[in-house]
Structure formats: C-alpha cells, structure tokens
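Student: Sharing my_file_6.cif (mmCIF, C-alpha atoms and all ligand atoms) below.
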```
data_query
#
loop_
_atom_site.label_atom_id
_atom_site.label_comp_id
_atom_site.auth_asym_id
_atom_site.auth_seq_id
_atom_site.Cartn_x
_atom_site.Cartn_y
_atom_site.Cartn_z
CA MET A 15 -32.76 84.39 2.07
CA ARG A 16 -34.18 84.43 -1.46
CA ILE A 17 -34.57 87.32 -3.90
CA GLU A 18 -38.05 87.31 -5.49
CA PHE A 19 -38.55 88.06 -9.22
CA ASP A 20 -41.93 89.02 -10.66
CA PRO A 21 -42.04 88.55 -14.46
CA ALA A 22 -44.63 91.30 -14.82
CA ALA A 23 -42.41 93.75 -12.97
CA ILE A 24 -39.02 92.98 -14.53
CA GLY A 25 -40.24 92.66 -18.14
CA ARG A 26 -39.84 90.23 -21.05
CA THR A 27 -36.13 90.25 -21.84
CA PRO A 28 -34.71 90.30 -18.30
CA PHE A 29 -37.12 87.52 -17.31
CA TYR A 30 -36.24 85.52 -20.44
CA LYS A 31 -32.57 85.82 -19.43
CA LEU A 32 -33.40 84.66 -15.91
CA LEU A 33 -35.52 81.76 -17.13
CA THR A 34 -32.92 80.50 -19.61
CA SER A 35 -30.23 80.74 -16.92
CA VAL A 36 -32.16 78.55 -14.50
CA VAL A 37 -33.84 76.04 -16.82
CA VAL A 38 -30.50 74.36 -17.47
CA PRO A 39 -28.94 72.41 -19.02
CA ARG A 40 -31.18 72.29 -22.10
CA PRO A 41 -30.59 69.71 -24.84
CA ILE A 42 -30.18 71.19 -28.31
CA ALA A 43 -32.31 70.08 -31.25
CA TRP A 44 -30.36 70.90 -34.39
CA VAL A 45 -33.39 71.17 -36.63
CA SER A 46 -33.14 70.64 -40.38
CA THR A 47 -36.05 71.60 -42.61
CA THR A 48 -36.62 72.28 -46.30
CA SER A 49 -38.55 75.30 -47.47
CA ALA A 50 -41.40 75.17 -50.00
CA GLU A 51 -38.86 76.59 -52.49
CA GLY A 52 -36.43 73.73 -51.77
CA VAL A 53 -33.86 75.56 -49.61
CA ASP A 54 -32.43 73.35 -46.83
CA ASN A 55 -32.44 75.11 -43.46
CA LEU A 56 -30.60 74.23 -40.26
CA ALA A 57 -30.96 75.93 -36.86
CA PRO A 58 -30.36 75.06 -33.19
CA HIS A 59 -33.31 75.05 -30.78
CA SER A 60 -32.78 74.50 -27.06
CA PHE A 61 -36.44 74.77 -26.12
CA PHE A 62 -36.62 71.08 -26.92
CA THR A 63 -37.80 67.88 -25.27
CA VAL A 64 -39.63 64.55 -25.65
CA SER A 65 -43.38 65.08 -25.34
CA CYS A 66 -44.94 61.65 -25.80
CA VAL A 67 -43.84 58.01 -25.74
CA GLU A 68 -46.60 56.34 -27.81
CA PRO A 69 -46.76 57.72 -30.39
CA PRO A 70 -43.17 58.97 -30.14
CA VAL A 71 -43.35 62.77 -30.25
CA VAL A 72 -40.70 65.44 -29.70
CA GLN A 73 -41.18 69.19 -29.54
CA PHE A 74 -39.23 72.38 -30.09
CA SER A 75 -40.34 75.99 -29.68
CA SER A 76 -39.85 78.77 -32.15
CA VAL A 77 -39.63 82.12 -30.38
CA GLY A 78 -41.24 84.26 -33.04
CA ARG A 79 -41.86 82.88 -36.52
CA LYS A 80 -38.51 81.60 -37.75
CA ASP A 81 -37.61 79.72 -40.93
CA SER A 82 -37.59 76.33 -39.13
CA LEU A 83 -41.20 76.81 -38.05
CA ARG A 84 -42.33 78.18 -41.42
CA ASN A 85 -40.68 75.30 -43.29
CA ALA A 86 -42.04 72.61 -40.95
CA GLU A 87 -45.53 74.05 -41.47
CA ALA A 88 -45.08 74.38 -45.23
CA THR A 89 -43.70 70.90 -45.88
CA GLY A 90 -44.97 68.89 -42.90
CA SER A 91 -41.63 67.51 -41.76
CA PHE A 92 -38.36 68.21 -39.95
CA VAL A 93 -35.33 66.35 -38.62
CA VAL A 94 -33.85 66.73 -35.14
CA ASN A 95 -30.11 66.14 -35.35
CA LEU A 96 -28.19 65.60 -32.11
CA ALA A 97 -25.76 68.44 -31.36
CA PRO A 98 -22.40 66.83 -30.53
CA GLU A 99 -19.51 68.59 -28.82
CA HIS A 100 -17.16 68.36 -31.81
CA LEU A 101 -19.55 70.47 -33.93
CA PHE A 102 -19.75 73.31 -31.35
CA GLU A 103 -18.72 76.17 -33.65
CA GLN A 104 -20.77 74.87 -36.59
CA ILE A 105 -23.91 74.56 -34.45
CA ASN A 106 -23.48 78.10 -33.16
CA ALA A 107 -22.92 79.41 -36.71
CA THR A 108 -26.25 77.95 -37.85
CA GLY A 109 -27.91 80.19 -35.25
CA THR A 110 -26.96 83.20 -37.38
CA ASP A 111 -30.01 84.97 -38.83
CA PHE A 112 -29.36 84.06 -42.46
CA PRO A 113 -32.16 85.13 -44.82
CA PRO A 114 -34.64 82.40 -45.87
CA GLY A 115 -33.04 82.00 -49.32
CA VAL A 116 -29.64 81.07 -47.82
CA SER A 117 -29.05 77.48 -46.71
CA GLU A 118 -27.07 77.22 -43.47
CA PHE A 119 -25.73 73.87 -44.76
CA ASP A 120 -23.98 75.72 -47.60
CA ALA A 121 -23.11 78.94 -45.76
CA VAL A 122 -21.49 77.10 -42.84
CA GLY A 123 -20.15 74.19 -44.89
CA ILE A 124 -22.09 71.31 -43.34
CA ALA A 125 -22.42 68.03 -45.26
CA ARG A 126 -25.95 66.68 -45.77
CA GLU A 127 -27.09 63.11 -46.10
CA PRO A 128 -30.56 62.08 -47.29
CA SER A 129 -33.19 61.15 -44.74
CA LEU A 130 -34.97 57.82 -45.06
CA ARG A 131 -38.58 58.87 -44.39
CA VAL A 132 -38.78 62.66 -44.75
CA LYS A 133 -37.67 65.31 -47.22
CA PRO A 134 -35.30 67.49 -45.12
CA PRO A 135 -31.73 66.15 -45.11
CA ARG A 136 -29.87 64.93 -42.05
CA VAL A 137 -26.57 66.41 -40.85
CA ALA A 138 -24.08 63.75 -42.00
CA ALA A 139 -21.65 64.34 -39.10
CA SER A 140 -24.30 64.24 -36.37
CA PRO A 141 -24.50 60.83 -34.71
CA VAL A 142 -28.31 60.82 -34.32
CA ALA A 143 -31.15 61.97 -36.57
CA LEU A 144 -34.80 61.81 -35.54
CA GLU A 145 -36.94 62.10 -38.66
CA CYS A 146 -40.26 63.73 -37.82
CA GLU A 147 -43.59 64.31 -39.50
CA LEU A 148 -45.29 67.46 -38.25
CA HIS A 149 -47.88 66.43 -35.64
CA SER A 150 -49.25 69.83 -34.67
CA THR A 151 -48.29 73.30 -33.56
CA THR A 152 -49.51 75.26 -30.57
CA ARG A 153 -49.24 79.01 -30.40
CA LEU A 154 -48.23 80.30 -26.96
CA GLY A 155 -47.86 84.08 -26.75
CA ASP A 156 -44.83 85.11 -28.82
CA SER A 157 -43.77 81.50 -29.43
CA THR A 158 -45.00 78.42 -31.24
CA VAL A 159 -44.46 74.89 -29.97
CA VAL A 160 -43.85 72.46 -32.84
CA PHE A 161 -44.67 68.81 -32.18
CA GLY A 162 -43.20 66.18 -34.46
CA ARG A 163 -44.05 62.51 -34.63
CA VAL A 164 -40.78 60.61 -34.86
CA VAL A 165 -41.19 58.22 -37.80
CA HIS A 166 -37.58 57.10 -37.97
CA ALA A 167 -34.38 57.27 -35.90
CA ALA A 168 -30.96 56.90 -37.50
CA VAL A 169 -28.09 56.32 -35.07
CA SER A 170 -24.43 56.07 -35.99
CA GLU A 171 -22.91 52.69 -35.16
CA SER A 172 -19.96 54.50 -33.60
CA VAL A 173 -22.07 55.74 -30.66
CA LEU A 174 -23.71 52.40 -29.91
CA ALA A 175 -22.54 50.00 -27.21
CA ASP A 176 -24.41 46.66 -27.18
CA GLY A 177 -26.93 48.21 -29.57
CA HIS A 178 -27.76 51.13 -27.28
CA PRO A 179 -26.63 54.79 -27.53
CA GLU A 180 -23.81 55.39 -25.07
CA ILE A 181 -23.60 58.83 -23.47
CA THR A 182 -19.79 59.13 -23.48
CA ARG A 183 -19.82 58.41 -27.22
CA LEU A 184 -22.71 60.79 -28.01
CA ARG A 185 -21.09 63.69 -26.10
CA PRO A 186 -24.11 66.00 -26.53
CA LEU A 187 -23.83 69.74 -26.03
CA SER A 188 -26.37 71.60 -23.96
CA ARG A 189 -27.38 75.21 -23.70
CA LEU A 190 -26.99 77.11 -20.42
CA GLY A 191 -27.64 80.81 -19.70
CA LYS A 192 -25.95 83.83 -21.33
CA ASP A 193 -23.55 82.62 -24.03
CA GLU A 194 -22.68 79.54 -22.04
CA TRP A 195 -22.95 75.99 -23.32
CA GLY A 196 -22.46 72.76 -21.42
CA ALA A 197 -20.43 69.70 -22.32
CA LEU A 198 -20.89 66.28 -20.77
CA GLY A 199 -19.98 66.40 -17.08
CA ASP A 200 -19.84 63.71 -14.40
CA ILE A 201 -22.30 60.88 -14.88
CA LEU A 202 -24.12 59.69 -11.78
CA GLU A 203 -25.96 56.38 -11.74
CA ILE A 204 -28.70 55.31 -9.34
CA SER A 205 -31.65 52.90 -9.57
CA ARG A 206 -35.22 54.02 -8.92
CA ILE A 207 -36.50 52.71 -5.58
CA ARG A 208 -39.79 50.83 -5.63
CA TYR A 209 -42.09 51.71 -2.72
CA ALA A 210 -42.03 48.05 -1.66
CA ASP A 211 -38.27 48.43 -1.09
CA TRP A 212 -38.42 51.90 0.52
CA PRO A 213 -35.92 51.76 3.44
CA GLY A 214 -37.65 54.50 5.48
CA GLY A 215 -36.13 57.65 6.95
CA PRO A 216 -35.01 60.84 5.24
CA VAL A 217 -32.63 60.81 2.27
CA PRO A 218 -29.49 62.80 3.08
CA ASP A 219 -28.37 65.92 1.23
CA ARG A 220 -25.11 65.16 -0.62
CA ARG A 221 -23.63 68.40 0.77
CA ASP A 222 -24.00 67.04 4.30
CA PRO A 223 -20.62 65.48 5.22
CA LYS A 224 -22.43 62.91 7.40
CA GLY A 225 -24.69 61.97 4.45
C1 LIG B 301 -27.78 76.89 -28.95
C2 LIG B 301 -28.90 77.72 -29.48
C3 LIG B 301 -30.19 77.42 -29.10
C4 LIG B 301 -31.27 78.16 -29.61
N1 LIG B 301 -32.54 77.83 -29.22
C5 LIG B 301 -33.59 78.46 -29.78
C6 LIG B 301 -34.92 78.06 -29.47
O1 LIG B 301 -35.16 77.15 -28.69
N2 LIG B 301 -35.93 78.72 -30.10
C7 LIG B 301 -35.70 79.72 -30.99
O2 LIG B 301 -36.66 80.28 -31.53
N3 LIG B 301 -34.46 80.12 -31.29
C8 LIG B 301 -33.40 79.50 -30.73
N4 LIG B 301 -32.13 79.89 -31.05
C9 LIG B 301 -31.94 80.93 -32.05
C10 LIG B 301 -32.12 80.37 -33.46
O3 LIG B 301 -31.28 79.26 -33.70
C11 LIG B 301 -31.81 81.49 -34.47
O4 LIG B 301 -32.75 82.52 -34.30
C12 LIG B 301 -31.80 80.98 -35.89
O5 LIG B 301 -31.35 82.00 -36.75
C13 LIG B 301 -33.18 80.55 -36.37
O6 LIG B 301 -33.00 80.03 -37.65
P1 LIG B 301 -34.16 79.84 -38.68
O7 LIG B 301 -34.78 81.21 -38.94
O8 LIG B 301 -33.40 79.32 -39.88
O9 LIG B 301 -35.14 78.86 -38.11
C14 LIG B 301 -31.04 79.21 -30.53
C15 LIG B 301 -29.72 79.53 -30.90
C16 LIG B 301 -28.66 78.78 -30.39
C17 LIG B 301 -27.26 79.11 -30.82
#
```
Starting from the file, give its structure as structure tokens.
Ligand SMILES: Cc1cc2nc3c(=O)[nH]c(=O)nc-3n(C[C@H](O)[C@H](O)[C@H](O)COP(=O)(O)O)c2cc1C

Tutor:
Amino acid sequence: MRIEFDPAAIGRTPFYKLLTSVVVPRPIAWVSTTSAEGVDNLAPHSFFTVSCVEPPVVQFSSVGRKDSLRNAEATGSFVVNLAPEHLFEQINATGTDFPPGVSEFDAVGIAREPSLRVKPPRVAASPVALECELHSTTRLGDSTVVFGRVVHAAVSESVLADGHPEITRLRPLSRLGKDEWGALGDILEISRIRYADWPGGPVPDRRDPKG
C-alpha cells in the first residue's frame, strides 16, 4: 500500500521537505562568486546537476534570490567547487545567512586560490573547481535556475588515478533529507547492455534471494 501526497493539499514547506527527502542523494555545488563590490561569496547548493555535454553546462538553483544568484548575474561568472567529506563542517558553515557584505571565506576561515578563467576564487582545499561563465538563468516560481558554461576544470593531482578522477579519492558529500548528509557508500559497477547482447528474460530484483 502507498500513501498519496498532493502538493496542493499539503502546502509548500511540507512538500519541499518530502521532495528533498526523496530526491536523494544530491551532489553539492559549493558555489563561489564575487559581488559587484568585490566581496567573495561561498555557499552550498544541492539543487545541482550537469545540464549539457556540448557545450559543457552545469546548473544550480537558488531558492529565492540569494547572494550567489545576485553575484553570478552581476559579474557573469561563478565557480562550482566539489564538496569533499573532510570539509563537512566548513561547507555547512557557509550555508549560514551571512549578510552580503560578509565573505564566507573570511568568516569561516577558508583559503582561496585564484581561478584561471573567471574572477571568483576557487576553494584551495577542494579537489575540483569548475570555472563557469554565466550562460543563462530561468525563473521557476520562487526559484531561479542558474546555468553556467564550464570554461575550465581544475582537478587536484591527488584525486587522479591514470589521469581520471577517482571516486574513493574525491570522497564527495551529498545532501539527503532533513539535516542528513551522505558520505560515499558502497560502489557498484556494471556495464551497460547493448540491445544486440540482450540475454532475454526478466532482470531479477536484488532483494530476491533466488536472484
Ligand atoms: C548542503 C546545503 C545545500 C543547500 N542547497 C541549496 C540550494 O540548492 N539552493 C538554495 O537556494 N539554497 C541552498 N542551501 C542554502 C544556502 O546555502 C543558504 O541559504 C546560503 O546562506 C545562501 O548563501 P548566499 O546568500 O551567500 O548565496 C543549501 C544549504 C546547505 C547547507
């Protein structure tokens, strides 16, 4: 039996809590921007994904009009820093609603490093920085989706194996529901099956002991 939930009936906040508890795990874009006044901003955004391959585009959503959105619009650029497990408390602290004149880099004590192609700095201790030029924004109800064209990727040598990012070295955090966050769990590996090689018959459920 299922319990049915109607967003119109249960209202914005309860449905938001339901949605963010079931759309999980969400990767975290740790977004650095610089305001028109020159203040460096840093904030986590878990409404984040890849939106296009060619050109390479990523997106994050600002629920309401936050500093990250305002700065990206004002200056035309932002950086997505990967959120690694060892920076858990620092990442959470940059989600505090500091006023626009306060830099989270300074308030939280996070070292910057210059970006190669855009003005906002990278987080020095984050293993990956995707430098983005603002592509476009799309307003959706109370939120704004921010699309950024990735013009440069900087990856720490320490997370590469044979020149490719290695998941057990990246150790990304993810956002779950409530105040829960996820760390890297078991890694499963499987190849995609081409139709030409399809063996036929149903694919068993892993919970089925005979499967
Ligand atoms: C892990 C995490 C993920 C978050 N994801 C989002 C998000 O996707 N969109 C959003 O608007 N706020 C999100 N927030 C809240 C913002 O980070 C928070 O409102 C922050 O103060 C915004 O900073 P800014 O005003 O400097 O942009 C998240 C917070 C945390 C801790």

Student: Hey, could you make a per-residue contact list for chain A against ligand LIG 301 (chain B) with 7 Å as the cut-off, showing the nearest pair of atoms and its distance in Å to one decimal, counting all atoms listed in the file, sorted by chain and number, as JSON lines?

Tutor:
```
{"residue": "A:Ile42", "atom": "CA", "partner": "B:LIG301", "partner_atom": "C1", "distance": 6.2}
{"residue": "A:Asn55", "atom": "CA", "partner": "B:LIG301", "partner_atom": "O8", "distance": 5.6}
{"residue": "A:Leu56", "atom": "CA", "partner": "B:LIG301", "partner_atom": "O8", "distance": 5.8}
{"residue": "A:Ala57", "atom": "CA", "partner": "B:LIG301", "partner_atom": "O3", "distance": 4.6}
{"residue": "A:Pro58", "atom": "CA", "partner": "B:LIG301", "partner_atom": "O3", "distance": 4.3}
{"residue": "A:His59", "atom": "CA", "partner": "B:LIG301", "partner_atom": "N1", "distance": 3.3}
{"residue": "A:Ser60", "atom": "CA", "partner": "B:LIG301", "partner_atom": "O1", "distance": 3.9}
{"residue": "A:Phe61", "atom": "CA", "partner": "B:LIG301", "partner_atom": "O1", "distance": 3.7}
{"residue": "A:Phe62", "atom": "CA", "partner": "B:LIG301", "partner_atom": "O1", "distance": 6.5}
{"residue": "A:Phe74", "atom": "CA", "partner": "B:LIG301", "partner_atom": "O1", "distance": 6.4}
{"residue": "A:Ser75", "atom": "CA", "partner": "B:LIG301", "partner_atom": "N2", "distance": 5.2}
{"residue": "A:Ser76", "atom": "CA", "partner": "B:LIG301", "partner_atom": "O2", "distance": 3.6}
{"residue": "A:Val77", "atom": "CA", "partner": "B:LIG301", "partner_atom": "O2", "distance": 3.7}
{"residue": "A:Gly78", "atom": "CA", "partner": "B:LIG301", "partner_atom": "O2", "distance": 6.3}
{"residue": "A:Lys80", "atom": "CA", "partner": "B:LIG301", "partner_atom": "O7", "distance": 3.9}
{"residue": "A:Asp81", "atom": "CA", "partner": "B:LIG301", "partner_atom": "O7", "distance": 3.8}
{"residue": "A:Ser82", "atom": "CA", "partner": "B:LIG301", "partner_atom": "O9", "distance": 3.7}
{"residue": "A:Leu83", "atom": "CA", "partner": "B:LIG301", "partner_atom": "O9", "distance": 6.4}
{"residue": "A:Ile105", "atom": "CA", "partner": "B:LIG301", "partner_atom": "C17", "distance": 6.7}
{"residue": "A:Asn106", "atom": "CA", "partner": "B:LIG301", "partner_atom": "C17", "distance": 4.6}
{"residue": "A:Thr108", "atom": "CA", "partner": "B:LIG301", "partner_atom": "O5", "distance": 6.6}
{"residue": "A:Gly109", "atom": "CA", "partner": "B:LIG301", "partner_atom": "O3", "distance": 3.8}
{"residue": "A:Thr110", "atom": "CA", "partner": "B:LIG301", "partner_atom": "O5", "distance": 4.6}
{"residue": "A:Asp111", "atom": "CA", "partner": "B:LIG301", "partner_atom": "O5", "distance": 3.9}
{"residue": "A:Phe112", "atom": "CA", "partner": "B:LIG301", "partner_atom": "O5", "distance": 6.4}
{"residue": "A:Pro114", "atom": "CA", "partner": "B:LIG301", "partner_atom": "O8", "distance": 6.8}
{"residue": "A:Arg189", "atom": "CA", "partner": "B:LIG301", "partner_atom": "C1", "distance": 5.5}
```

Student: Using only C-alpha atoms, can you tell me which of A:Ala22, A:Val67, A:Ala88, A:Val37 comes closest to Ser49 in chain A?

Tutor: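 For Ser49 in chain A, the nearest of the given residues is A:Ala88.
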
Student: Near Arg185 in chain A, within 9 Å and counting only C-alpha atoms, which residues show up once chain neighbours fewer than 6 positions away are dropped, as a PyMOL selection string?

Tutor: chain A and resi 97-100+197-198

Student: Just write the chosen residues, C-alpha atoms, as a short mmCIF file (atom, residue, chain, number, x, y, z; two decimals), keeping the file's coordinate frame.

Tutor:
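Saved file again25.cif follows:
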```
data_model
loop_
_atom_site.label_atom_id
_atom_site.label_comp_id
_atom_site.auth_asym_id
_atom_site.auth_seq_id
_atom_site.Cartn_x
_atom_site.Cartn_y
_atom_site.Cartn_z
CA ALA A 97 -25.76 68.44 -31.36
CA PRO A 98 -22.40 66.83 -30.53
CA GLU A 99 -19.51 68.59 -28.82
CA HIS A 100 -17.16 68.36 -31.81
CA ALA A 197 -20.43 69.70 -22.32
CA LEU A 198 -20.89 66.28 -20.77
#
```

Student: Out of A:Ala107, A:Val169, A:Ile207, A:Val36, which residue has the shortest atom-to-atom distance to Phe119 in chain A when counting only C-alpha atoms?

Tutor: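 Nearest to Phe119 in chain A: A:Ala107.
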
Student: Show me a table, sorted first by chain and then by increasing residue number, of the residues of range 27-86 of chain A having an atom at most 12 Å from range 141-153 of chain A, each with its shortest atom pair and the distance in Å to one decimal, counting only C-alpha atoms and written as JSON lines.

Tutor:
```
{"residue": "A:Ala43", "atom": "CA", "partner": "A:Leu144", "partner_atom": "CA", "distance": 9.6}
{"residue": "A:Trp44", "atom": "CA", "partner": "A:Ala143", "partner_atom": "CA", "distance": 9.2}
{"residue": "A:Val45", "atom": "CA", "partner": "A:Ala143", "partner_atom": "CA", "distance": 9.5}
{"residue": "A:Ser46", "atom": "CA", "partner": "A:Glu145", "partner_atom": "CA", "distance": 9.5}
{"residue": "A:Thr47", "atom": "CA", "partner": "A:Cys146", "partner_atom": "CA", "distance": 10.1}
{"residue": "A:Val64", "atom": "CA", "partner": "A:Leu144", "partner_atom": "CA", "distance": 11.3}
{"residue": "A:Ser65", "atom": "CA", "partner": "A:His149", "partner_atom": "CA", "distance": 11.3}
{"residue": "A:Cys66", "atom": "CA", "partner": "A:His149", "partner_atom": "CA", "distance": 11.3}
{"residue": "A:Pro69", "atom": "CA", "partner": "A:His149", "partner_atom": "CA", "distance": 10.2}
{"residue": "A:Pro70", "atom": "CA", "partner": "A:Cys146", "partner_atom": "CA", "distance": 9.5}
{"residue": "A:Val71", "atom": "CA", "partner": "A:His149", "partner_atom": "CA", "distance": 7.9}
{"residue": "A:Val72", "atom": "CA", "partner": "A:Cys146", "partner_atom": "CA", "distance": 8.3}
{"residue": "A:Gln73", "atom": "CA", "partner": "A:Thr151", "partner_atom": "CA", "distance": 9.1}
{"residue": "A:Phe74", "atom": "CA", "partner": "A:Thr151", "partner_atom": "CA", "distance": 9.7}
{"residue": "A:Ser75", "atom": "CA", "partner": "A:Thr152", "partner_atom": "CA", "distance": 9.2}
{"residue": "A:Ser76", "atom": "CA", "partner": "A:Arg153", "partner_atom": "CA", "distance": 9.6}
{"residue": "A:Val77", "atom": "CA", "partner": "A:Arg153", "partner_atom": "CA", "distance": 10.1}
{"residue": "A:Gly78", "atom": "CA", "partner": "A:Arg153", "partner_atom": "CA", "distance": 9.9}
{"residue": "A:Arg79", "atom": "CA", "partner": "A:Arg153", "partner_atom": "CA", "distance": 10.3}
{"residue": "A:Ser82", "atom": "CA", "partner": "A:Leu148", "partner_atom": "CA", "distance": 11.8}
{"residue": "A:Leu83", "atom": "CA", "partner": "A:Thr151", "partner_atom": "CA", "distance": 9.1}
{"residue": "A:Arg84", "atom": "CA", "partner": "A:Thr151", "partner_atom": "CA", "distance": 11.0}
{"residue": "A:Asn85", "atom": "CA", "partner": "A:Leu148", "partner_atom": "CA", "distance": 10.4}
{"residue": "A:Ala86", "atom": "CA", "partner": "A:Leu148", "partner_atom": "CA", "distance": 6.7}
```

Student: Under the rule that all atoms listed in the file are counted, which of A:Ala138, A:Arg220, A:Leu154, A:Val93 is the nearest residue to Ser170 in chain A?

Tutor: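 The shortest atom-to-atom distance to Ser170 in chain A comes from A:Ala138.
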
Student: Taking into account all atoms listed in the file, which residue in the set A:Arg26, A:His166, A:Lys31, A:Lys133 is nearest to Ala50 in chain A?

Tutor: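 Nearest candidate to Ala50 in chain A out of A:Arg26, A:His166, A:Lys31, A:Lys133: A:Lys133.
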
Student: Grab the CA of Val38 in chain A to CA of Pro186 in chain A distance for me, in Å with one decimal place.

Tutor: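 Separation of CA of Val38 in chain A and CA of Pro186 in chain A: 13.9 Å.
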
Student: Counting only C-alpha atoms, figure out which residue out of A:Val160, A:Leu96, A:Asp120, A:Leu187 gets nearest to Gly199 in chain A.

Tutor: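 Checking each candidate against Gly199 in chain A, we get A:Leu187 as the closest.
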
Student: State, in Å with one decimal place, the distance from CA of Leu190 in chain A to CA of Thr34 in chain A.

Tutor: 6.9 Å

Student: Between CA of Asp20 in chain A and CA of Lys192 in chain A, what is the distance, to one decimal in Å?

Tutor: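 That distance, rounded to one decimal, is 19.9 Å.
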
Student: Would you please work out which residue, of A:Trp212, A:Asp222, A:Gly191, A:Glu118, is nearest to Phe29 in chain A when using only C-alpha atoms?

Tutor: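 For Phe29 in chain A, the nearest of the given residues is A:Gly191.
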